[in-house]
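One structure is given here, and the rest of the page talks about it.
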Amino acid sequence: MNLQPLFDLKERLEHTAVAGTGLLDEDFRLKRARESLAPLAAASPVFGKITAGVDALFAAPQETRGGALLDVLALVDAVVYTQGSTGCQGDLSPLPTDGVGTLRPLSYGQLHPLLEALTGTGSGRFSLVADVRKEHPEYFSDYRVLPALIEGLGDGYVDMADQNAEILKEQGEKIIPLLKEGFDPEGKGGMVRRVRLIQELAGERENDFYLAQLPQSKKEVRTELIRALCHDSHNTPLLLELCQTEKRGESRDCAHEILVKQETPEVEEYFLALGKKNPVQAFTYLLGEKTAMASRLTAAIAQEQIKNLRTGKKLSDSQRNERFRALFLALIGKTGPGIADIYREAVELFGEPEGKGKKPGIDPLRDLIFYTTSSSNPSQPPFAVSLPYVLAMTVMGRGDRELCDLAVELYEREGGAYLVPAFAAQLLIKDSAESYEWAKERLFKREFLKKTVQEDCLSFIRYVLMRVKWNREENGYRFMVRASLRNEWEMEMGVPVPCLDVRWFELLAQLGKDMDDALAAVLSDRQEIPGLSKLVVPYIYQEAISTLSVYSAAEWIRILNALGWERWENFVVRYFLKQGQVSFPECMMLLNTLPVPPKEKAAQLRKMDELVRNKKINLRHNYWEENMAAARIHEWENQPSGEETSGS
């Protein structure tokens, strides 16, 4: 049925409503529209009723035509609306009910706050999105939310952009097509995060995408695309090319850092050539790498530098210091053929470990890392002092037997700080009783009828034991290696250590405060210790009650609790009275650490509050929260003993 006459009539009636009914008799277009509707009126009663309404409009007196017009127009509008429809060519299929980019049964009102937070500015957005993520994670797979998340990867508020990236990553690999849609290789932070997400989700499977975008890419996006090339070994020729052609330093460094992880003859040849041309740069790229190729390269480039030094090749003090600083840092973690010889030759070059006026026992790796190689630097290069610690770091991190033997060899020949790597080696290659006896012989020197402690040996033994940590999952000890060379080296688990002889704990307690850090390190996270001396736990309690550091006191409390100590009466009160001063945060820190029932915590806090209010103890920074103290006392007094207490 052709409904065009109906639509034409509706249009003319609306025109009359605007122009007014005074010109109705002269409106020939309206009359023509009425005549065109006649065939439809004969076919359907409703159209007949419309025709009758138009006739009544023309016949009505002028004063009643307004009402008649509204009546017929309302009827026409109602009929027209019933004829409305939507559609498109092809077969229709329902939207998926689950997956990425689905239509969720969510109203505009439900999504509006989230969309406003994702696309808007101002404070409070991060928390709102975080709350929705926690309570309604399904919202983020809605097709209306995903574009806002992807656009938000470039949010000027970095924390917000990072949170958006985490949420998108949770959607899985199916989100990748949306990340690639509208990708701009010349873009900024948002595009960088897109590349990062794609490679985290798909790795080498999207290698063609990285390669396609690389030629047009710029700045940070280019660096991230180069970093993504690490997933496919077929990219080695391109990386070799980029190492030589990249003009931007960050992108060039990124290409080298990826390339050095690929053990191929071509890569090894490239770095050998780089080592001859720019040894500092080569050593920098080898920093922290533990592959066999990295060790071979370090040894070969180092031998070349030592040969140059021995043959009298002219170098400024600054050049010499810069090269050997880079070499020493690169040596950390390196094992295998030629590495032991580098240590031996370095010992000959730089002399005794205690040279240059360096106090023995102080960790010099930090000095080496931050050493200024400028010739204007008045301090001497710390190479002689650093070398034993570089070796110790590698022994603890890798446990290589050849380097363990080397450490003992150098200690027997050179003495001094070489006790550090030698003792670490003894803990690995001897059983617990033998390594204990070996260390004890060096800690004490017999003079006449008594033994005296060797102070320098004490500091060296302490250095190693502070890096021996109990691993609950393995139910055993491991070395904990720390070196701020790169982010990934900030903390690293070393090799397993045979369980320490139980006599160590008593010996460390007898040696006193100088070894407290070592005692805390080897006891942290331990629980039952068969054969533990009865002197150890009371000693720890006295250290806990007297230490000047509230953080150390809290750590001693945790250790005592794990070892079964139960005498906590008035501990916090006694601690702060001994200190002579208190602050509210420190008091709450110890109370929250204390393993006693809530009512006991309330009693100790009440006593502390009375001491403060009666001015019988000094306040640190004049800080005490009476209202918070009262609220916490009330909370603890009304809390069942079986419940955990909340922290402050």
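By convention in this document, the chains of the structure tokens carry letters A, B, ... by their order, each chain's residues are numbered from 1, and ligands are numbered from 1 in the order they are shown.
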
Test item, alpha helix (DSSP H) assignment across range 139-293 of chain A, answer as a PyMOL selection string: chain A and resi 146-151+158-170+176-180+189-202+207-213+219-228+236-245+249-259+265-277+279-286+292-293

Write out as a ChimeraX atom specification each polymer residue whose atoms come within 6 Å of Ala518 in chain A, counting only C-alpha atoms; drop sequence neighbours fewer than 3 positions from it. /A:462,465-466,515,521

Could you dump the residues just selected with all heavy atoms as a compact mmCIF listing (two decimals), in the first residue's frame?
# COMPACT_ATOMS: atom_id res chain seq x y z
N ARG A 462 79.24 -10.33 58.44
CA ARG A 462 77.91 -9.70 58.55
C ARG A 462 77.36 -9.38 57.17
O ARG A 462 76.16 -9.59 56.89
CB ARG A 462 78.04 -8.43 59.38
CG ARG A 462 76.79 -7.57 59.45
CD ARG A 462 77.04 -6.34 60.32
NE ARG A 462 75.92 -5.43 60.29
CZ ARG A 462 75.77 -4.45 59.40
NH1 ARG A 462 76.68 -4.27 58.45
NH2 ARG A 462 74.72 -3.65 59.44
N LEU A 465 75.94 -12.66 55.67
CA LEU A 465 74.79 -13.22 56.38
C LEU A 465 73.54 -12.35 56.22
O LEU A 465 72.41 -12.86 56.24
CB LEU A 465 75.11 -13.40 57.87
CG LEU A 465 76.10 -14.52 58.20
CD1 LEU A 465 76.37 -14.56 59.69
CD2 LEU A 465 75.57 -15.88 57.72
N MET A 466 73.71 -11.06 56.04
CA MET A 466 72.55 -10.18 55.83
C MET A 466 71.85 -10.49 54.52
O MET A 466 70.72 -10.06 54.30
CB MET A 466 72.98 -8.72 55.86
CG MET A 466 73.23 -8.19 57.25
SD MET A 466 73.64 -6.43 57.25
CE MET A 466 72.13 -5.74 56.58
N MET A 515 76.06 -7.34 65.14
CA MET A 515 75.56 -8.41 64.27
C MET A 515 74.05 -8.56 64.32
O MET A 515 73.50 -9.54 63.81
CB MET A 515 76.23 -9.74 64.66
CG MET A 515 77.74 -9.74 64.53
SD MET A 515 78.29 -9.44 62.83
CE MET A 515 78.14 -11.09 62.14
N ALA A 521 68.23 -10.99 59.82
CA ALA A 521 68.10 -11.48 58.45
C ALA A 521 67.94 -12.99 58.41
O ALA A 521 67.07 -13.51 57.70
CB ALA A 521 69.33 -11.06 57.63

List as a list in words the protein and nucleic acid residues near Ile617 in chain A, meaning an atom at most 12 Å away when only C-alpha atoms are counted, but skip any in the same chain fewer than 5 places from it. Val573, Arg574, Tyr575, Phe576, Leu577, Lys578, Gln579, Gly580, Gln581, Val582, Ser583, Lys607, Met608, Asp609, Glu610, Leu611, Val612, Asn622 and Trp624 of chain A

Shell of 12 Å around Tyr157 in chain A, only C-alpha atoms, local chain residues under 3 positions omitted, as number ranges by chain: A: 117-126, 152-154, 160-164, 189-190

Leaving out Arg196 in chain A and any residue of its chain fewer than 5 positions from it, which residues lie within 10 Å of it when counting only C-alpha atoms, given as a VMD selection string? chain A and resid 165 190 to 191 201 203 221 224 to 225 227 to 228

Export of the given selection (N, CA, C and O atoms) as a tab-separated table (two decimals), in the first residue's frame:
chain	number	residue	atom	x	y	z
A	165	ALA	N	45.02	0.50	30.81
A	165	ALA	CA	45.79	-0.56	30.15
A	165	ALA	C	45.62	-1.89	30.87
A	165	ALA	O	45.47	-2.95	30.23
A	190	GLY	N	49.43	7.24	24.26
A	190	GLY	CA	48.37	6.26	24.05
A	190	GLY	C	48.76	5.19	23.07
A	190	GLY	O	48.42	4.00	23.25
A	191	MET	N	49.49	5.55	22.02
A	191	MET	CA	49.92	4.57	21.03
A	191	MET	C	51.03	3.67	21.59
A	191	MET	O	51.11	2.49	21.25
A	201	LEU	N	50.01	-9.32	24.98
A	201	LEU	CA	48.93	-10.27	24.75
A	201	LEU	C	49.25	-11.28	23.65
A	201	LEU	O	48.83	-12.43	23.73
A	203	GLY	N	52.57	-11.24	21.61
A	203	GLY	CA	53.97	-11.53	21.36
A	203	GLY	C	54.30	-11.61	19.89
A	203	GLY	O	53.96	-10.73	19.09
A	221	VAL	N	56.89	5.80	20.33
A	221	VAL	CA	56.19	4.70	19.66
A	221	VAL	C	57.20	3.84	18.91
A	221	VAL	O	57.11	2.59	18.92
A	224	GLU	N	59.05	1.58	21.33
A	224	GLU	CA	58.22	0.46	21.80
A	224	GLU	C	58.04	-0.58	20.71
A	224	GLU	O	58.00	-1.79	20.99
A	225	LEU	N	57.93	-0.16	19.47
A	225	LEU	CA	57.84	-1.12	18.36
A	225	LEU	C	59.13	-1.91	18.21
A	225	LEU	O	59.11	-3.12	17.94
A	227	ARG	N	61.16	-2.55	20.67
A	227	ARG	CA	61.17	-3.48	21.81
A	227	ARG	C	60.30	-4.71	21.52
A	227	ARG	O	60.61	-5.82	21.97
A	228	ALA	N	59.24	-4.52	20.78
A	228	ALA	CA	58.35	-5.65	20.46
A	228	ALA	C	59.00	-6.66	19.51
A	228	ALA	O	58.53	-7.79	19.39

Find the residues of range 227-253 of chain A that sit at most 12 Å from range 284-301 of chain A; for each, write down the nearest two atoms and how far apart they are in Å, to one decimal. Count only C-alpha atoms. Sort by chain, then by number going up, and give it as CSV.
residue,atom,partner,partner_atom,distance
A:Cys243,CA,A:Tyr285,CA,11.7
A:Arg252,CA,A:Tyr285,CA,11.0
A:Asp253,CA,A:Tyr285,CA,7.9

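Relative to CA of Trp568 in chain A, CA of Glu626 in chain A is found at 23.9 Å.
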
What is the CA of Lys601 in chain A to CA of Leu519 in chain A distance in Å? 27.7 Å

Near-Asn2 in chain A list (12 Å; only C-alpha atoms; drop same-chain fewer than 4 positions) as a VMD selection string: chain A and resid 6 to 8 36 to 37 39 to 40 43 83
